[in-house]
Amino acid sequence: MLLSLSLGSGAADAQGIPELRIDGGTTEQRDNIRAFLPMTRYSCELPEFRERGVIRDAGDRVRQALRALGHYQPQLELIVARTEECWNLELQLDPGPVARIAAVDVQVTGEGAEDPAFVAIATAPGIAVGDRLRHDHYDRLRSRLIRAAADRGYFDAELTTSQLRVDPEANVAQVVLHMDSGPRYRFGPITLEQDILRPEFVERLYPFETGAPYSSGQLIALQRNLSDSGYFESVRVRPRVDDAVDREVPITAEVGTRKRTAYEARLGFSTDTGPRLGLAMDRRYANRRGHRYHAELEASTKRSGIGFNYDIPLRDPLREHLSLFATYRTEDTAGTRSDRAQIGASRVRQHASGWQTTEGIRYEYEEFTVGGVSDTTQMLLPSYRVNRSESDDPLFPRNGYRVELLGQGAHESLASSISFLQARGSAKYIRGLGAGRMILRGDAGLTYSDDVQEMPKSLRFFAGGDTSVRGFGFQKLGPQDDEGRIIGGRHLLVGSVEYDHPFGDGPWGGAVFLDAGNAFDSFDDYDLKLGFGAGVRWRSPVGPIRVDLAHAPDSPDSFRIHFTMGPDL
């Protein structure tokens with residue numbers, strides 16, 4: 001077995017331990033010799049009559065260390081050099097030629113002969129003819145075969161031949177590994193004791209059926225499914241191989257259920273909405289069919305609302321559910337007001353590709369005032385949303401992205417007071433650059449409608465604010481009426497580039513940014529607005545906190561402070 005260990009030599013005498021001094025060889029060879037010949041096994045007390053035994057034992061260990069690296073014909077000269085307080089072992093080393101691999105013979109017979117795991121090892125063993133001989137590579141290949149047998153359920157597998165045949169005179173070696181896999185075991189019944197869900201519902205979380213071929217990967221998938229379901233606080237899955245009957249391995253899943261109800265209180269602040277308070281309740285399992293619901297209340301000086309969401313797991317509880325929801329939102333900003341109620345349903349599916357799709361339909365009623373004009377709309381809105389996000393850290397990602405696309409519309413012939421078709425898209429990309437990060441953000445919207453002033457405020461586009469074009473106030477960019485009041489537009493196009501950099505190793509950092517964009521009614525009238533500035537970043541215990549000082553040449557404010565908190569993605 002190849003080991004690597006470096007021992008300091010400067011303080012050996014002071015500690016009452018002799019030194020090993022090596023002249024010759026490579027760093028790897030010297031390190032491996034020290035690993036096989038630790039001088040801590042000796043003391044400074046060495047009678048002369050024991051010197052020959054020490055040299056003989058040391059020589060054996062040095063040769064063993066060199067053989068592990070493929071050197072079977074080393075030239076060694078070992079002497080004991082005494083000092084006033086201790087003694088040293090001095091080695092003059094010529095490792096000699098290295099042995100090469102002449103043949104690799106890996107065979108699997110039995111039921112697993114065609115198993116892809118064994119075929120992959122036999123066709124790509126990691127050792128090739130002509131390679132330098134290394135014992136650790138041979139041990140690794142042997143371990144791969146044994147591990148593959150255990151992972152794939154060949155519990156009776158046996159290595160009928162396991163040999164590393166070395167011809168020291170010719171400096172060649174042959175690797176011979178033959179395995180008889182024996183029969184493959186299958187999964188037996190799963191035992192899972194819990195009393196919060198129907199057994200037939202829990203079985204929908206199982207990734208395999210009784211009688212399926214055994215695989216440790218499927219066991220990991222079972223544990224992951226149970227953990228990701230949201231019903232269990234702790235999960236431990238173990239196969240009972242010793243209790244197998246007719247080569248069926250029973251599985252025991254030990255789970256601890258989560259508390260049925262969770263409550264959450266949130267405090268926040270941003271310059272867009274001011275201070276805000278949030279209260280939420282999660283009913284993690286409403287009944288034994290795995291249904292759950294969520295209720296929340298949010299209040300701020302500009303935007304408040306209440307919502308209720310009831311989720312019904314569908315065929316695959318982990319990746320598909322039906323969501324029934326009802327919400328009420330009120331928003332009051334300078335010159336605009338909106339009171340909106342909606343009720344609807346959506347089917348949410350998580351795809352193997354990583355994308356999530358949401359097919360929804362909702363009925364929406366909105367009373368609004370924009371630019372001094374008040375109106376009421378009623379709409380039946382079908383919608384389709386696709387989104388995806390990935391990151392290397394949920395709160396402070398160095399690399400990650402999110403993408404979301406939404407299409408929705410209404411028609412007067414389908415229980416709606418207006419007709420329109422709209423597409424929205426947003427994306428954010430974070431990439432580590434040096435010690436800092438480059439952050440790109442974009443938002444776009446496109447609406448087909450005869451008259452934008454018939455559109456409710458919630459469906460119009462505005463720009464400006466903490467997460468739009470900084471340097472402008474919240475929703476202070478967009479088409480204006482004859483009196484200069486912002487009334488929102490059909491379309492939106494906003495982009496941002498930002499670079500942040502930490503101050504040393506602490507939680508503080510700085511950022512510079514450039515934002516650009518606007519809301520507009522037609523592309524001929526698109527009036528690009530710019531905002532730029534610098535800010536401070538704090539990786540606080542509760543998440544990222546951002547404070548920016550922004551300047552926009554076309555803003556009535558010389559400078560504007562923007563404060564936000566929350567995850568970057």
# chains A, B, ... in the order shown; residues from 1 in each chain; ligands from 1
>>> select_by_dssp(residues="stretch 154-256 of chain A", states="alpha helix (DSSP H)", output="list in words")
Pro199, Glu200, Phe201, Val202, Ser216, Gly217, Gln218, Leu219, Ile220, Ala221, Leu222, Gln223, Arg224, Asn225, Leu226, Ser227 and Asp228 of chain A
>>> select_by_dssp(residues="stretch 80-287 of chain A", states="strand (DSSP E or B)", output="number ranges by chain")
A: 80-82, 87-94, 98, 100-109, 132, 158-167, 172-180, 186-192, 213, 232-239, 245, 248-257, 261-270, 274-283
>>> residues_around(residues="A:Gly566", least_positions_apart="6", cutoff="9 Å", atoms="only C-alpha atoms", output="PyMOL selection string")
chain A and resi 268+395+542-546
>>> write_last_selection(atoms="N, CA and C atoms", output="tab-separated table (two decimals), in the first residue's frame")
chain	number	residue	atom	x	y	z
A	268	GLY	N	-38.33	43.00	7.48
A	268	GLY	CA	-37.48	43.40	6.38
A	268	GLY	C	-37.60	44.88	6.10
A	395	LEU	N	-27.51	31.21	0.06
A	395	LEU	CA	-27.53	32.60	0.53
A	395	LEU	C	-26.44	33.45	-0.12
A	542	VAL	N	-28.18	36.86	8.87
A	542	VAL	CA	-29.54	36.61	8.37
A	542	VAL	C	-29.61	36.68	6.85
A	543	GLY	N	-28.47	36.85	6.19
A	543	GLY	CA	-28.46	36.91	4.74
A	543	GLY	C	-27.80	38.17	4.23
A	544	PRO	N	-27.66	38.30	2.90
A	544	PRO	CA	-26.98	39.46	2.34
A	544	PRO	C	-27.76	40.76	2.59
A	545	ILE	N	-27.03	41.81	2.92
A	545	ILE	CA	-27.61	43.15	3.06
A	545	ILE	C	-26.81	44.07	2.13
A	546	ARG	N	-27.53	44.86	1.33
A	546	ARG	CA	-26.91	45.70	0.31
A	546	ARG	C	-27.33	47.16	0.50
>>> residues_around(residues="A:Gly400", least_positions_apart="6", cutoff="8 Å", atoms="only C-alpha atoms", output="ChimeraX atom specification")
/A:389-392,429-431,569
>>> closest_residue(among="A:Ala280, A:Ile17, A:Ile312, A:Ala117", to="A:Gly153", atoms="only C-alpha atoms")
A:Ala117
>>> residues_around(residues="A:Phe513", least_positions_apart="4", cutoff="10 Å", atoms="only C-alpha atoms", output="PyMOL selection string")
chain A and resi 438-440+470+496-500+531-535+548-550
>>> residues_around(residues="stretch 210-224 of chain A", least_positions_apart="3", cutoff="7 Å", atoms="only C-alpha atoms", output="PDB file with N, CA and C atoms, in the first residue's frame")
ATOM      1  N   ASP A 151     -22.141  -2.732  -4.325  1.00  0.00           N
ATOM      2  CA  ASP A 151     -23.108  -1.713  -4.749  1.00  0.00           C
ATOM      3  C   ASP A 151     -24.212  -2.308  -5.615  1.00  0.00           C
ATOM      4  N   ARG A 152     -23.896  -3.326  -6.376  1.00  0.00           N
ATOM      5  CA  ARG A 152     -24.873  -3.878  -7.330  1.00  0.00           C
ATOM      6  C   ARG A 152     -25.577  -5.115  -6.795  1.00  0.00           C
ATOM      7  N   GLY A 153     -25.310  -5.497  -5.556  1.00  0.00           N
ATOM      8  CA  GLY A 153     -26.059  -6.584  -4.957  1.00  0.00           C
ATOM      9  C   GLY A 153     -25.503  -7.971  -5.206  1.00  0.00           C
ATOM     10  N   TYR A 185     -28.592 -10.149  -5.938  1.00  0.00           N
ATOM     11  CA  TYR A 185     -29.720 -10.094  -5.002  1.00  0.00           C
ATOM     12  C   TYR A 185     -30.733  -9.050  -5.477  1.00  0.00           C
ATOM     13  N   ARG A 186     -31.929  -9.148  -4.919  1.00  0.00           N
ATOM     14  CA  ARG A 186     -33.022  -8.233  -5.282  1.00  0.00           C
ATOM     15  C   ARG A 186     -33.514  -7.528  -4.019  1.00  0.00           C
ATOM     16  N   PHE A 187     -34.257  -6.454  -4.247  1.00  0.00           N
ATOM     17  CA  PHE A 187     -34.854  -5.743  -3.118  1.00  0.00           C
ATOM     18  C   PHE A 187     -36.038  -6.529  -2.566  1.00  0.00           C
ATOM     19  N   GLY A 188     -36.058  -6.640  -1.245  1.00  0.00           N
ATOM     20  CA  GLY A 188     -37.210  -7.210  -0.574  1.00  0.00           C
ATOM     21  C   GLY A 188     -38.170  -6.111  -0.147  1.00  0.00           C
ATOM     22  N   PRO A 189     -39.098  -6.417   0.739  1.00  0.00           N
ATOM     23  CA  PRO A 189     -40.072  -5.412   1.178  1.00  0.00           C
ATOM     24  C   PRO A 189     -39.403  -4.305   1.992  1.00  0.00           C
ATOM     25  N   TYR A 206     -41.230   5.673  -3.104  1.00  0.00           N
ATOM     26  CA  TYR A 206     -40.199   4.650  -3.282  1.00  0.00           C
ATOM     27  C   TYR A 206     -39.724   4.639  -4.733  1.00  0.00           C
ATOM     28  N   PRO A 207     -38.406   4.661  -4.979  1.00  0.00           N
ATOM     29  CA  PRO A 207     -37.906   4.642  -6.364  1.00  0.00           C
ATOM     30  C   PRO A 207     -37.808   3.247  -6.970  1.00  0.00           C
ATOM     31  N   SER A 227     -36.323  12.226   2.434  1.00  0.00           N
ATOM     32  CA  SER A 227     -35.863  13.488   3.033  1.00  0.00           C
ATOM     33  C   SER A 227     -36.448  14.681   2.299  1.00  0.00           C
ATOM     34  N   ASP A 228     -36.490  14.615   0.959  1.00  0.00           N
ATOM     35  CA  ASP A 228     -36.967  15.741   0.158  1.00  0.00           C
ATOM     36  C   ASP A 228     -38.482  15.890   0.186  1.00  0.00           C
ATOM     37  N   VAL A 235     -34.106  10.705   8.393  1.00  0.00           N
ATOM     38  CA  VAL A 235     -34.304   9.488   7.598  1.00  0.00           C
ATOM     39  C   VAL A 235     -33.022   8.659   7.652  1.00  0.00           C
ATOM     40  N   ARG A 236     -33.177   7.379   7.943  1.00  0.00           N
ATOM     41  CA  ARG A 236     -32.045   6.442   7.896  1.00  0.00           C
ATOM     42  C   ARG A 236     -32.509   5.161   7.218  1.00  0.00           C
ATOM     43  N   VAL A 237     -31.887   4.857   6.098  1.00  0.00           N
ATOM     44  CA  VAL A 237     -32.242   3.667   5.326  1.00  0.00           C
ATOM     45  C   VAL A 237     -31.113   2.652   5.442  1.00  0.00           C
TER      46      VAL A 237
END
